[in-house]
Structure formats: C-alpha cells, structure tokens
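Colleague: I am sharing my_file.txt, which consists of compact mmCIF, C-alpha atoms and all ligand atoms:
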# COMPACT_ATOMS: atom_id res chain seq x y z
CA MET A 1 7.42 -8.61 -11.51
CA ARG A 2 5.52 -8.63 -8.23
CA LEU A 3 6.16 -5.59 -6.06
CA ILE A 4 4.99 -4.23 -2.73
CA LEU A 5 5.26 -0.55 -1.87
CA LEU A 6 5.61 0.35 1.79
CA GLY A 7 5.70 3.82 3.31
CA THR A 8 3.74 6.12 5.60
CA PRO A 9 0.57 7.82 4.39
CA GLY A 10 1.87 10.66 2.23
CA ALA A 11 5.12 8.90 1.33
CA GLY A 12 4.04 8.90 -2.31
CA LYS A 13 3.20 5.21 -2.68
CA GLY A 14 0.18 5.88 -4.88
CA GLU A 15 2.03 8.22 -7.20
CA GLN A 16 5.00 5.88 -7.56
CA ALA A 17 2.78 2.86 -8.02
CA THR A 18 0.98 4.60 -10.90
CA ARG A 19 4.28 5.46 -12.56
CA LEU A 20 5.79 1.99 -12.09
CA SER A 21 2.59 0.41 -13.33
CA LYS A 22 2.95 2.30 -16.65
CA ASN A 23 6.64 1.53 -16.86
CA PHE A 24 6.32 -2.22 -16.31
CA ARG A 25 2.80 -2.60 -17.75
CA ILE A 26 1.48 -4.37 -14.70
CA PRO A 27 -1.60 -3.44 -12.67
CA HIS A 28 -1.46 -1.04 -9.74
CA ILE A 29 -3.51 -2.46 -6.90
CA SER A 30 -4.37 0.04 -4.18
CA THR A 31 -6.43 -1.36 -1.33
CA GLY A 32 -7.37 2.23 -0.41
CA ASP A 33 -8.90 2.64 -3.91
CA LEU A 34 -10.60 -0.77 -3.79
CA LEU A 35 -12.10 0.06 -0.39
CA ARG A 36 -13.21 3.53 -1.51
CA ARG A 37 -14.92 1.98 -4.55
CA GLU A 38 -16.79 -0.37 -2.25
CA MET A 39 -17.86 2.60 -0.10
CA GLU A 40 -19.10 4.51 -3.15
CA GLU A 41 -21.26 1.58 -4.15
CA GLY A 42 -23.03 1.99 -0.84
CA THR A 43 -23.21 -1.73 -0.10
CA GLU A 44 -23.56 -3.10 3.43
CA VAL A 45 -19.84 -3.94 3.38
CA GLY A 46 -19.18 -0.43 2.07
CA ARG A 47 -20.91 1.06 5.09
CA ARG A 48 -18.82 -1.03 7.46
CA ILE A 49 -15.67 0.03 5.62
CA SER A 50 -16.49 3.73 5.87
CA GLU A 51 -16.73 3.51 9.65
CA PHE A 52 -13.09 2.44 9.82
CA VAL A 53 -11.76 4.73 7.09
CA ASN A 54 -13.42 7.87 8.44
CA GLN A 55 -11.81 7.28 11.83
CA GLY A 56 -8.38 6.71 10.31
CA GLU A 57 -8.48 3.09 11.51
CA LEU A 58 -7.47 0.08 9.46
CA VAL A 59 -10.40 -1.75 7.91
CA SER A 60 -10.74 -5.23 9.43
CA ASP A 61 -8.48 -7.88 7.95
CA ASP A 62 -11.29 -10.21 6.87
CA ILE A 63 -12.89 -7.53 4.66
CA THR A 64 -9.64 -6.17 3.24
CA GLN A 65 -8.15 -9.59 2.58
CA ALA A 66 -11.24 -10.88 0.76
CA ILE A 67 -11.30 -7.81 -1.50
CA LEU A 68 -7.58 -8.07 -2.17
CA GLU A 69 -7.62 -11.79 -2.91
CA ASN A 70 -10.45 -11.37 -5.43
CA ARG A 71 -8.43 -8.70 -7.19
CA LEU A 72 -5.25 -10.83 -7.27
CA ARG A 73 -7.18 -13.62 -8.96
CA GLU A 74 -8.09 -11.43 -11.94
CA ALA A 75 -6.33 -12.35 -15.17
CA ASP A 76 -4.28 -9.16 -15.51
CA CYS A 77 -2.33 -10.03 -12.34
CA ARG A 78 -0.71 -13.00 -14.04
CA SER A 79 1.92 -10.73 -15.53
CA GLY A 80 2.69 -9.24 -12.11
CA PHE A 81 1.35 -6.41 -9.94
CA ILE A 82 2.23 -3.51 -7.68
CA LEU A 83 0.62 -3.55 -4.27
CA ASP A 84 0.02 -0.14 -2.71
CA GLY A 85 -1.42 -0.14 0.82
CA PHE A 86 -1.34 -3.87 1.41
CA PRO A 87 -0.16 -5.49 3.62
CA ARG A 88 -0.54 -3.04 6.49
CA ASN A 89 0.02 -5.34 9.46
CA LEU A 90 1.78 -8.63 10.18
CA ASN A 91 -1.40 -10.66 9.92
CA GLN A 92 -2.02 -9.32 6.41
CA ALA A 93 1.59 -10.04 5.48
CA ASP A 94 1.21 -13.68 6.56
CA PHE A 95 -2.08 -13.90 4.69
CA LEU A 96 -0.46 -12.51 1.53
CA ARG A 97 2.49 -14.87 1.75
CA ALA A 98 0.15 -17.87 2.02
CA ALA A 99 -2.20 -16.66 -0.74
CA LEU A 100 0.66 -16.00 -3.16
CA ALA A 101 2.31 -19.31 -2.30
CA ARG A 102 -0.93 -21.04 -3.31
CA MET A 103 -0.85 -19.13 -6.58
CA GLN A 104 2.87 -19.89 -7.01
CA ALA A 105 3.51 -16.18 -7.38
CA PRO A 106 5.72 -14.95 -4.55
CA VAL A 107 6.61 -11.28 -4.11
CA ASP A 108 9.95 -10.33 -5.71
CA VAL A 109 10.71 -6.98 -4.13
CA VAL A 110 9.41 -4.72 -1.36
CA LEU A 111 10.22 -1.03 -1.70
CA ASN A 112 10.12 1.04 1.46
CA ILE A 113 9.68 4.67 0.45
CA GLU A 114 11.25 6.75 3.20
CA VAL A 115 10.39 10.41 3.76
CA PRO A 116 10.86 12.75 6.71
CA ASP A 117 7.76 13.38 8.88
CA SER A 118 7.71 17.08 7.96
CA THR A 119 7.35 16.19 4.25
CA VAL A 120 4.53 13.76 5.00
CA ILE A 121 2.53 16.34 6.92
CA ASP A 122 2.99 18.94 4.15
CA ARG A 123 1.94 16.52 1.44
CA LEU A 124 -1.14 15.26 3.26
CA ALA A 125 -2.19 18.84 4.02
CA MET A 126 -2.24 19.49 0.25
CA ARG A 127 -4.47 16.54 -0.62
CA ASN A 128 -8.18 16.94 -0.53
CA ARG A 129 -9.53 13.59 0.52
CA ARG A 130 -12.40 13.22 2.91
CA ASP A 131 -10.33 11.21 5.41
CA ASP A 132 -7.46 13.72 5.34
CA THR A 133 -8.50 15.86 8.32
CA PRO A 134 -5.67 16.82 10.72
CA GLU A 135 -7.11 14.48 13.33
CA THR A 136 -7.36 11.38 11.12
CA ILE A 137 -3.96 12.12 9.60
CA ARG A 138 -2.38 12.14 13.06
CA HIS A 139 -4.18 8.93 13.89
CA ARG A 140 -3.18 7.20 10.62
CA LEU A 141 0.47 8.07 11.22
CA LYS A 142 0.21 6.61 14.72
CA VAL A 143 -1.38 3.42 13.39
CA TYR A 144 1.31 3.25 10.73
CA ARG A 145 4.16 3.43 13.25
CA LYS A 146 2.59 0.86 15.51
CA VAL A 147 1.26 -1.83 13.18
CA THR A 148 2.65 -1.20 9.69
CA ALA A 149 6.26 -0.15 10.35
CA PRO A 150 7.18 -3.65 11.69
CA LEU A 151 6.69 -4.91 8.13
CA VAL A 152 9.92 -3.20 7.13
CA ASP A 153 11.82 -5.64 9.39
CA TYR A 154 9.63 -8.53 8.31
CA TYR A 155 10.61 -8.09 4.66
CA ASP A 156 14.19 -7.17 5.48
CA ARG A 157 14.55 -10.51 7.22
CA ALA A 158 13.03 -12.20 4.18
CA GLY A 159 15.84 -10.58 2.16
CA ILE A 160 13.60 -8.74 -0.31
CA LEU A 161 13.49 -5.20 1.13
CA LYS A 162 14.91 -2.17 -0.64
CA ARG A 163 15.00 1.27 0.95
CA ILE A 164 14.22 4.22 -1.30
CA ASP A 165 14.77 7.88 -0.46
CA GLY A 166 11.32 9.31 -1.17
CA ASP A 167 12.21 12.96 -0.60
CA GLY A 168 12.20 14.75 -3.95
CA SER A 169 10.04 15.16 -7.03
CA PRO A 170 7.98 12.17 -8.23
CA GLU A 171 10.29 11.89 -11.27
CA GLU A 172 13.41 11.78 -9.10
CA VAL A 173 11.96 9.12 -6.83
CA THR A 174 10.90 6.97 -9.80
CA LYS A 175 14.43 7.24 -11.22
CA ARG A 176 15.88 6.08 -7.91
CA ILE A 177 13.51 3.13 -7.82
CA LEU A 178 14.27 2.05 -11.39
CA ALA A 179 18.02 2.39 -10.81
CA ASN A 180 17.74 0.33 -7.64
CA LEU A 181 15.67 -2.38 -9.32
CA ALA A 182 18.13 -2.54 -12.23
CA ARG A 183 20.95 -3.26 -9.79
CA THR A 184 19.42 -6.60 -8.80
CA ALA A 185 17.80 -7.59 -12.09
P1 LIG A 201 -2.99 6.44 2.91
O1 LIG A 201 -1.79 5.77 2.36
O2 LIG A 201 -2.89 7.92 2.83
O3 LIG A 201 -3.39 5.97 4.27
P2 LIG A 201 -4.83 4.71 1.45
O4 LIG A 201 -5.67 5.05 0.26
O5 LIG A 201 -3.76 3.71 1.25
O6 LIG A 201 -4.23 6.10 1.95
O7 LIG A 201 -5.76 4.19 2.63
C1 LIG A 201 -6.90 4.90 3.06
C2 LIG A 201 -7.61 4.12 4.16
O8 LIG A 201 -8.09 2.86 3.66
C3 LIG A 201 -6.75 3.76 5.36
O9 LIG A 201 -6.67 4.78 6.32
C4 LIG A 201 -7.51 2.52 5.91
O10 LIG A 201 -8.63 2.91 6.65
C5 LIG A 201 -7.99 1.84 4.64
N1 LIG A 201 -7.05 0.80 4.17
C6 LIG A 201 -6.29 0.82 3.02
N2 LIG A 201 -5.55 -0.30 2.91
C7 LIG A 201 -5.83 -1.06 3.99
C8 LIG A 201 -5.38 -2.32 4.46
N3 LIG A 201 -4.46 -3.06 3.80
N4 LIG A 201 -5.90 -2.79 5.63
C9 LIG A 201 -6.81 -2.09 6.32
N5 LIG A 201 -7.26 -0.90 5.93
C10 LIG A 201 -6.79 -0.37 4.79
What is this structure when it is put down as structure tokens?
Modeller:
Amino acid sequence: MRLILLGTPGAGKGEQATRLSKNFRIPHISTGDLLRREMEEGTEVGRRISEFVNQGELVSDDITQAILENRLREADCRSGFILDGFPRNLNQADFLRAALARMQAPVDVVLNIEVPDSTVIDRLAMRNRRDDTPETIRHRLKVYRKVTAPLVDYYDRAGILKRIDGDGSPEEVTKRILANLARTA
C-alpha cells in the first residue's frame, strides 16, 4: 500500500501517519522529519534548509526531492509507504508521479485530512517546535492554501483522493481512515 497524506499544518498528518504505519507495517516518511534531521547534522545543505524552515517557507524542490527520492529507494519502501508532507506543490507532485512510475510503484490512495481552521490554530499552539511561532504558523497556513491546497484537486482528478474528517481524537480519525480504506479494498 502506497499512501499520501494531505492536510494543513496541524491537521494531524504526522500522528495519523505514525498510527497507519504501525497498522500496515509500512514506513512513515515525513519530509519535515527528514529535513529536520539534515538540519541537526549541521551540514551545508542543512544550513540552507534551516533558512527556509525558520521562515515558514517551503524548502526548495531540488533539495527536498533529492532527499525524498533517496529515502524511497531504501529497501523497506518496497512493501509500501506513507508519505507525510510530500508533495507540497504541483511541481513536487509531478516529480513524485514520474519517480514512482520509474519504480513501477504508483500511489494507491491520497487521504486529505480536513479540519476547521480553529482546530488547526489550537493544535499548533500546543506544539512546541522551533518553527511554530505565531508568525511562521500564519505564514505556513498561507503557503498551504496557495501552493499545497491545489493538490487536492490534482489527486481528485486522478481518481485517488479520499476526504477524511480530521476533527476528533486521533483514535477516531484513524478509525475513519481504516473504514474508508476498507470500503475500496
Ligand atoms: P507542518 O505540517 O506543521 O508544516 P512539517 O514537519 O511537515 O510540519 O514541515 C515543517 C517544515 O519543513 C515546513 O514548514 C517546510 O519548511 C519544510 N518542508 C516539509 N516538507 C516539505 C516539502 N515537501 N517541500 C518543501 N518544504 C518542506
């Protein structure tokens, strides 16, 4: 099973990806985590990444795509994967489609986790990440609406989008996802 999770920052993608990863025994690939790891290592690339992340901007496609493609080529991805935070714009979506076509491993399902704005703001306010200041949060939501939200249509047109109500406890949302996936399996 190859899955993509879409949703605004704070929609609960990371939490759901972790839970689905355990359920299906497939790796959870978070580009946010991969990028943060690179930053922690303090490499030259890591320094470039932190300039984007700390401003709430998307990291450039060339950097993100290279890191993602390396990860997808690791052996554990052969059984499937859950992508959390990638793609985040149309260019990345085209890149992913081409890369997975080369690997003969197309995406099966895209889950759009939908939550009201008020819930998102509350959830992000409770996290304690360095890039979660009110200013960067506002900016990330703006970037999301402008460049990431069009992906919902992109995957809807491809016929693989499922909409999930993400308002509720993590357990409830996971149940909804599993029930929805079972309907098409
Ligand atoms: P959130 O979902 O709250 O934005 P993430 O951990 O997914 O948290 O992302 C944190 C930051 O990492 C983003 O604000 C962005 O700067 C960077 N990032 C993550 N994924 C991508 C991506 N696919 N393309 C560009 N930048 C990314």
Colleague: What does the distance between CA of Phe24 (chain A) and atom C7 of ligand LIG 201 (chain A) come to in Å, to one decimal place?
Modeller: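 Computed distance, CA of Phe24 (chain A) to atom C7 of ligand LIG 201 (chain A), equals 23.7 Å.
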Colleague: Pick out the residues no farther than 6 Å from ligand LIG 201 (chain A), counting only C-alpha atoms and all ligand atoms, and list them as an NGL selection string.
Modeller: :A and (9-10 or 31-33 or 52-53 or 56-60 or 64 or 85-88)
Colleague: Distance CA of Arg71 (chain A)-CA of Glu40 (chain A), one decimal place?
Modeller: 17.5 Å
Colleague: I want to know what sits within 10 Å of Ile67 (chain A), based on only C-alpha atoms, with residues of the same chain fewer than 4 positions away left out; could you give that as a ChimeraX atom specification?
Modeller: /A:31,34-35,38,61-63,71-72
Colleague: Would you output that residue set with C-alpha atoms, as a PDB file, keeping the file's coordinate frame?
Modeller:
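The new file result-v1.pdb reads:
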ATOM      1  CA  THR A  31      -6.430  -1.360  -1.330  1.00  0.00           C
ATOM      2  CA  LEU A  34     -10.600  -0.770  -3.790  1.00  0.00           C
ATOM      3  CA  LEU A  35     -12.100   0.060  -0.390  1.00  0.00           C
ATOM      4  CA  GLU A  38     -16.790  -0.370  -2.250  1.00  0.00           C
ATOM      5  CA  ASP A  61      -8.480  -7.880   7.950  1.00  0.00           C
ATOM      6  CA  ASP A  62     -11.290 -10.210   6.870  1.00  0.00           C
ATOM      7  CA  ILE A  63     -12.890  -7.530   4.660  1.00  0.00           C
ATOM      8  CA  ARG A  71      -8.430  -8.700  -7.190  1.00  0.00           C
ATOM      9  CA  LEU A  72      -5.250 -10.830  -7.270  1.00  0.00           C
TER      10      LEU A  72
END
Colleague: Which residue, A:His28, A:Arg176, A:Arg19, A:Lys146, has the smallest gap to Leu90 (chain A) when you use all atoms listed in the file?
Modeller: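 Checking each candidate against Leu90 (chain A), we get A:Lys146 as the closest.
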Colleague: Counting all atoms listed in the file, figure out which residue out of A:Arg140, A:Arg25, A:Arg73, A:Arg97 gets nearest to Leu124 (chain A).
Modeller: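 The closest residue to Leu124 (chain A) is A:Arg140.
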Colleague: Tell me, in Å to one decimal, how far CA of Ser118 (chain A) is from CA of Thr8 (chain A).
Modeller: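 So the two atoms, CA of Ser118 (chain A) and CA of Thr8 (chain A), lie 11.9 Å apart.
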